[in-house]
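Everything below belongs to work25.txt, which stores compact mmCIF, C-alpha atoms and all ligand atoms.
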# COMPACT_ATOMS: atom_id res chain seq x y z
CA MET A 590 84.82 105.32 97.85
CA SER A 591 82.31 104.01 95.34
CA ILE A 592 83.28 100.82 93.59
CA LYS A 593 82.61 100.99 89.87
CA SER A 594 84.56 97.99 88.66
CA THR A 595 82.35 94.93 88.36
CA ASN A 596 82.70 91.59 86.58
CA ILE A 597 86.36 91.40 87.56
CA THR A 598 88.04 88.07 88.23
CA ALA A 599 91.26 87.48 90.16
CA VAL A 600 94.43 87.14 88.13
CA ALA A 601 96.20 83.78 88.21
CA HIS A 602 99.96 84.16 88.37
CA ARG A 603 101.92 81.12 87.31
CA VAL A 604 104.85 82.19 89.46
CA PRO A 605 104.21 81.10 93.06
CA GLN A 606 105.10 83.73 95.65
CA GLU A 607 107.49 81.40 97.46
CA GLU A 608 109.48 80.92 94.26
CA ARG A 609 109.59 84.61 93.59
CA TRP A 610 110.90 85.20 97.12
CA ARG A 611 113.38 82.36 96.94
CA ALA A 612 114.85 83.72 93.71
CA ALA A 613 115.22 87.17 95.27
CA GLY A 614 116.54 85.81 98.56
CA HIS A 615 114.00 87.78 100.58
CA ARG A 616 110.30 88.40 100.99
CA GLY A 617 108.49 91.36 99.53
CA GLY A 618 106.58 93.68 101.81
CA VAL A 619 105.82 97.18 102.95
CA LEU A 620 107.52 99.25 105.61
CA TRP A 621 104.96 101.97 106.10
CA PHE A 622 106.69 104.88 107.79
CA THR A 623 104.42 107.33 109.56
CA GLY A 624 105.28 110.42 111.56
CA LEU A 625 105.06 114.19 111.60
CA SER A 626 106.69 116.38 108.98
CA GLY A 627 110.37 116.48 109.93
CA SER A 628 110.24 113.24 111.92
CA GLY A 629 112.74 111.68 109.51
CA LYS A 630 110.67 109.59 107.10
CA SER A 631 112.49 110.66 103.94
CA THR A 632 115.93 110.74 105.56
CA LEU A 633 115.60 107.22 106.94
CA ALA A 634 113.77 105.75 103.93
CA PHE A 635 116.41 106.90 101.44
CA GLU A 636 119.32 105.90 103.67
CA LEU A 637 117.73 102.51 104.25
CA GLU A 638 117.06 102.06 100.53
CA HIS A 639 120.73 102.77 99.81
CA ARG A 640 121.98 100.33 102.44
CA LEU A 641 119.53 97.55 101.61
CA PHE A 642 120.28 97.86 97.91
CA ALA A 643 123.98 97.40 98.73
CA LYS A 644 122.97 94.15 100.44
CA ARG A 645 121.14 93.10 97.26
CA TYR A 646 117.65 93.66 98.52
CA ASN A 647 115.10 94.73 95.93
CA VAL A 648 113.91 97.91 97.57
CA TYR A 649 112.12 101.07 96.50
CA VAL A 650 111.04 104.27 98.23
CA LEU A 651 107.63 105.76 97.62
CA ASP A 652 107.78 109.39 98.69
CA GLY A 653 105.91 112.56 97.78
CA ASP A 654 107.64 113.44 94.56
CA ASN A 655 107.46 110.11 92.77
CA VAL A 656 103.78 109.78 93.57
CA ARG A 657 102.23 113.24 93.67
CA HIS A 658 103.75 114.22 90.30
CA GLY A 659 102.40 111.21 88.47
CA LEU A 660 99.84 108.75 89.75
CA ASN A 661 98.27 111.28 92.13
CA SER A 662 98.78 114.53 90.25
CA ASP A 663 95.00 114.98 90.14
CA LEU A 664 94.80 115.09 93.95
CA GLY A 665 95.11 118.07 96.28
CA PHE A 666 95.21 118.31 100.05
CA SER A 667 91.54 118.30 101.04
CA PRO A 668 90.67 115.56 103.54
CA LYS A 669 89.03 113.57 100.74
CA ASP A 670 92.03 113.89 98.44
CA ARG A 671 94.47 113.06 101.25
CA ALA A 672 92.56 109.84 101.92
CA GLU A 673 92.53 108.97 98.22
CA ASN A 674 96.27 109.76 98.02
CA ILE A 675 97.03 107.25 100.77
CA ARG A 676 94.57 104.70 99.38
CA ARG A 677 96.32 104.66 96.00
CA ILE A 678 99.78 104.55 97.58
CA GLY A 679 98.65 101.61 99.71
CA GLU A 680 97.42 99.74 96.65
CA VAL A 681 100.59 100.46 94.67
CA ALA A 682 102.76 99.42 97.62
CA ALA A 683 100.83 96.15 97.85
CA LEU A 684 101.45 95.40 94.17
CA PHE A 685 105.17 96.17 94.51
CA ALA A 686 105.29 93.90 97.56
CA GLU A 687 103.60 91.08 95.66
CA ALA A 688 106.18 91.54 92.92
CA GLY A 689 108.84 90.88 95.56
CA VAL A 690 109.99 94.40 96.37
CA ILE A 691 110.46 95.86 99.84
CA VAL A 692 108.61 99.15 99.67
CA LEU A 693 109.57 101.98 102.01
CA SER A 694 106.68 104.42 102.02
CA ALA A 695 107.43 107.82 103.51
CA PHE A 696 104.18 109.74 103.95
CA ILE A 697 102.87 111.50 107.06
CA SER A 698 99.66 109.45 106.75
CA PRO A 699 98.21 111.03 109.90
CA TYR A 700 95.00 109.03 110.11
CA GLN A 701 94.86 105.51 111.51
CA ARG A 702 91.90 104.78 109.27
CA ASP A 703 93.99 105.45 106.16
CA ARG A 704 96.95 103.43 107.42
CA ASP A 705 94.60 100.56 108.20
CA MET A 706 93.39 100.67 104.62
CA ALA A 707 97.00 100.39 103.39
CA ARG A 708 97.53 97.50 105.79
CA LYS A 709 94.48 95.74 104.43
CA ALA A 710 95.77 96.12 100.87
CA ALA A 711 99.19 94.61 101.64
CA GLY A 712 98.06 91.92 104.07
CA ALA A 713 100.54 89.98 106.21
CA GLN A 714 103.65 91.69 104.81
CA PHE A 715 102.66 95.13 106.09
CA HIS A 716 104.76 96.73 108.82
CA GLU A 717 103.72 100.02 110.36
CA ILE A 718 106.82 101.91 111.47
CA TYR A 719 106.18 104.85 113.77
CA LEU A 720 108.86 107.54 113.72
CA SER A 721 108.12 109.04 117.08
CA ALA A 722 109.23 112.64 117.28
CA ASP A 723 106.89 115.18 118.82
CA VAL A 724 105.94 118.54 117.38
CA SER A 725 108.53 120.45 119.38
CA ALA A 726 111.39 118.22 118.16
CA CYS A 727 110.23 118.43 114.54
CA GLU A 728 109.61 122.15 114.76
CA GLN A 729 113.14 122.75 116.05
CA ARG A 730 114.53 120.95 112.99
CA ASP A 731 112.05 122.37 110.51
CA PRO A 732 114.19 121.19 107.54
CA LYS A 733 111.84 122.72 104.98
CA GLY A 734 110.72 125.76 106.96
CA LEU A 735 107.18 124.44 106.92
CA TYR A 736 106.47 124.77 110.64
CA LYS A 737 107.45 128.42 110.51
CA LYS A 738 105.05 128.98 107.64
CA ALA A 739 102.34 126.99 109.39
CA ARG A 740 102.75 129.07 112.57
CA GLU A 741 102.36 132.20 110.46
CA GLY A 742 99.09 130.79 109.20
CA LYS A 743 100.41 130.38 105.67
CA ILE A 744 99.74 126.63 105.45
CA PRO A 745 96.21 125.55 106.32
CA ASP A 746 95.61 122.12 107.85
CA PHE A 747 99.24 121.51 108.73
CA THR A 748 99.63 118.22 110.58
CA GLY A 749 100.64 118.73 114.20
CA ILE A 750 99.79 122.45 114.17
CA SER A 751 96.33 122.89 112.71
CA ALA A 752 95.44 119.32 111.71
CA PRO A 753 95.58 116.18 113.83
CA TYR A 754 98.17 113.43 113.86
CA GLU A 755 96.97 110.08 115.16
CA ALA A 756 99.95 108.17 116.52
CA PRO A 757 99.76 104.44 115.75
CA ALA A 758 98.21 102.39 118.52
CA ALA A 759 99.98 99.18 117.56
CA ALA A 760 102.92 99.85 115.25
CA GLU A 761 105.16 96.85 114.50
CA LEU A 762 108.19 99.03 115.24
CA VAL A 763 108.71 102.38 116.95
CA VAL A 764 111.84 104.38 116.13
CA ASP A 765 112.63 107.25 118.47
CA THR A 766 113.95 109.73 115.93
CA ALA A 767 113.79 112.61 118.41
CA ASN A 768 116.37 111.07 120.74
CA GLU A 769 118.40 108.63 118.66
CA SER A 770 120.93 109.45 115.97
CA ILE A 771 120.20 108.82 112.30
CA GLU A 772 122.83 106.06 112.36
CA ALA A 773 121.23 104.33 115.36
CA CYS A 774 117.80 104.51 113.71
CA VAL A 775 119.11 103.07 110.44
CA GLU A 776 120.86 100.23 112.29
CA LYS A 777 117.62 99.38 114.04
CA LEU A 778 115.73 99.35 110.75
CA MET A 779 118.37 97.26 108.99
CA ALA A 780 118.20 94.65 111.73
CA TYR A 781 114.42 94.67 111.50
CA VAL A 782 114.42 94.10 107.74
CA ASP A 783 116.98 91.29 107.98
CA GLU A 784 114.85 89.62 110.65
CA LYS A 785 111.45 90.01 109.01
CA PHE A 786 112.27 89.76 105.31
CA GLY A 787 115.43 87.69 105.10
CA PHE A 788 114.35 84.46 103.46
CA THR A 789 116.55 82.11 105.45
CA GLN A 790 114.87 83.14 108.71
CA GLY A 791 111.84 80.86 108.37
N1 LIG W 801 117.28 110.10 114.13
C1 LIG W 801 116.93 110.81 113.06
N2 LIG W 801 116.25 110.23 112.06
C2 LIG W 801 115.88 110.96 110.97
N3 LIG W 801 116.15 112.25 110.78
C3 LIG W 801 116.84 112.88 111.74
C4 LIG W 801 117.26 112.20 112.92
N4 LIG W 801 117.94 113.07 113.69
C5 LIG W 801 117.94 114.24 113.04
N5 LIG W 801 117.28 114.15 111.86
C6 LIG W 801 117.06 115.29 110.90
O1 LIG W 801 115.66 115.55 110.88
C7 LIG W 801 115.25 115.95 109.57
C8 LIG W 801 114.16 115.01 109.06
O2 LIG W 801 113.65 115.51 107.85
P1 LIG W 801 112.90 114.60 106.78
O3 LIG W 801 113.61 113.30 106.63
O4 LIG W 801 112.72 115.44 105.56
O5 LIG W 801 111.51 114.34 107.52
P2 LIG W 801 110.10 113.89 106.89
O6 LIG W 801 110.37 113.21 105.59
O7 LIG W 801 109.53 112.98 107.95
O8 LIG W 801 109.30 115.14 106.76
C9 LIG W 801 116.49 115.94 108.71
O9 LIG W 801 117.02 117.25 108.66
C10 LIG W 801 117.43 114.98 109.47
O10 LIG W 801 118.79 115.26 109.23
MG MG W 802 109.64 113.60 103.63

Can I see the file as structure tokens?
Amino acid sequence: MSIKSTNITAVAHRVPQEERWRAAGHRGGVLWFTGLSGSGKSTLAFELEHRLFAKRYNVYVLDGDNVRHGLNSDLGFSPKDRAENIRRIGEVAALFAEAGVIVLSAFISPYQRDRDMARKAAGAQFHEIYLSADVSACEQRDPKGLYKKAREGKIPDFTGISAPYEAPAAAELVVDTANESIEACVEKLMAYVDEKFGFTQG
């Protein structure tokens, strides 16, 4: 990416981050879900959002529709555009996190390089969450019929079939969505958020 913005100075907030967090009762941060299509990113992100909101967490899901239709509507699915898609999402997630929100991002994000860029944007409050479900498990579910189409050659560069998926080497949390129930996965994630973001926990 070429950097065209020069002569930019850092903004100086007059609300210290600690105070923002204290007022909210929790830290802001990013739970960056990654996994194959059908691994459960959207299912778990929206269920988690619902449950965390009920516990008064400020939480927001970034998923395909609320990003691709607006901010990234100029991007397609070429490798270059996919990288730019993730780069922008990473930057937006970092801003939300700074504002005190727990962001649940639910994108395949198949390349470690791109996830690392998102991590760099969000800094210490970035948590890579690997939803480990292999191609055969996801293909059996095929909730959107995409694997079927991909097998028929109707979707080029489909992750797991005709495009690579790089599993995280060092995710903060691995959730085995192929073998555990949705409820068990959500419980695990809830406990993780309480532990890592709850403000009373040091
Ligand atoms: N443990 C689990 N976690 C998440 N989804 C699960 C789990 N077990 C079964 N599923 C099913 O798998 C599918 C996951 O689809 P979806 O959430 O759209 O995946 P993605 O957003 O990763 O493409 C859903 O039909 C969901 O009901
Ligand atoms: Mg999804």

Within-6 Å residues of ligand LIG 801 (chain W), basis only C-alpha atoms and all ligand atoms, as number ranges by chain: A: 625-633, 730, 732, 766, 769-771, 774

Distance query 10 Å from (111.6, 88.0, 93.8) using all atoms listed in the file, result as an MDAnalysis selection string: chainID A and resid 604 606:617 646:647 686:691

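Between Pro668 of chain A and the residues A:Cys727, A:Leu637, A:Asp703, A:Leu778, the shortest atom-to-atom distance, using only C-alpha atoms, involves A:Asp703.
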
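Picture a line from atom CA of Gly653 of chain A to atom CA of Ser694 of chain A; it runs 9.2 Å.
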
Selection: 12 Å around Gln714 of chain A, all atoms listed in the file, excl. self and same-chain fewer than 2 positions, as an MDAnalysis selection string: chainID A and resid 615:621 682:687 689:692 707:712 716:717 761 782 785:786

Residues as selected, C-alpha atoms, written as a compact mmCIF listing (two decimals), in the frame of the given file, can you do that?
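Saved result, selection.txt, follows:
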# COMPACT_ATOMS: atom_id res chain seq x y z
CA HIS A 615 114.00 87.78 100.58
CA ARG A 616 110.30 88.40 100.99
CA GLY A 617 108.49 91.36 99.53
CA GLY A 618 106.58 93.68 101.81
CA VAL A 619 105.82 97.18 102.95
CA LEU A 620 107.52 99.25 105.61
CA TRP A 621 104.96 101.97 106.10
CA ALA A 682 102.76 99.42 97.62
CA ALA A 683 100.83 96.15 97.85
CA LEU A 684 101.45 95.40 94.17
CA PHE A 685 105.17 96.17 94.51
CA ALA A 686 105.29 93.90 97.56
CA GLU A 687 103.60 91.08 95.66
CA GLY A 689 108.84 90.88 95.56
CA VAL A 690 109.99 94.40 96.37
CA ILE A 691 110.46 95.86 99.84
CA VAL A 692 108.61 99.15 99.67
CA ALA A 707 97.00 100.39 103.39
CA ARG A 708 97.53 97.50 105.79
CA LYS A 709 94.48 95.74 104.43
CA ALA A 710 95.77 96.12 100.87
CA ALA A 711 99.19 94.61 101.64
CA GLY A 712 98.06 91.92 104.07
CA HIS A 716 104.76 96.73 108.82
CA GLU A 717 103.72 100.02 110.36
CA GLU A 761 105.16 96.85 114.50
CA VAL A 782 114.42 94.10 107.74
CA LYS A 785 111.45 90.01 109.01
CA PHE A 786 112.27 89.76 105.31

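With distances taken over all atoms listed in the file, A:Ile697 is the one residue among A:Ile697, A:Ala756, A:Val600, A:Leu664 lying closest to ligand MG 802 (chain W).
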
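Atom MG of ligand MG 802 (chain W) lies 13.0 Å from atom CA of Thr748 of chain A.
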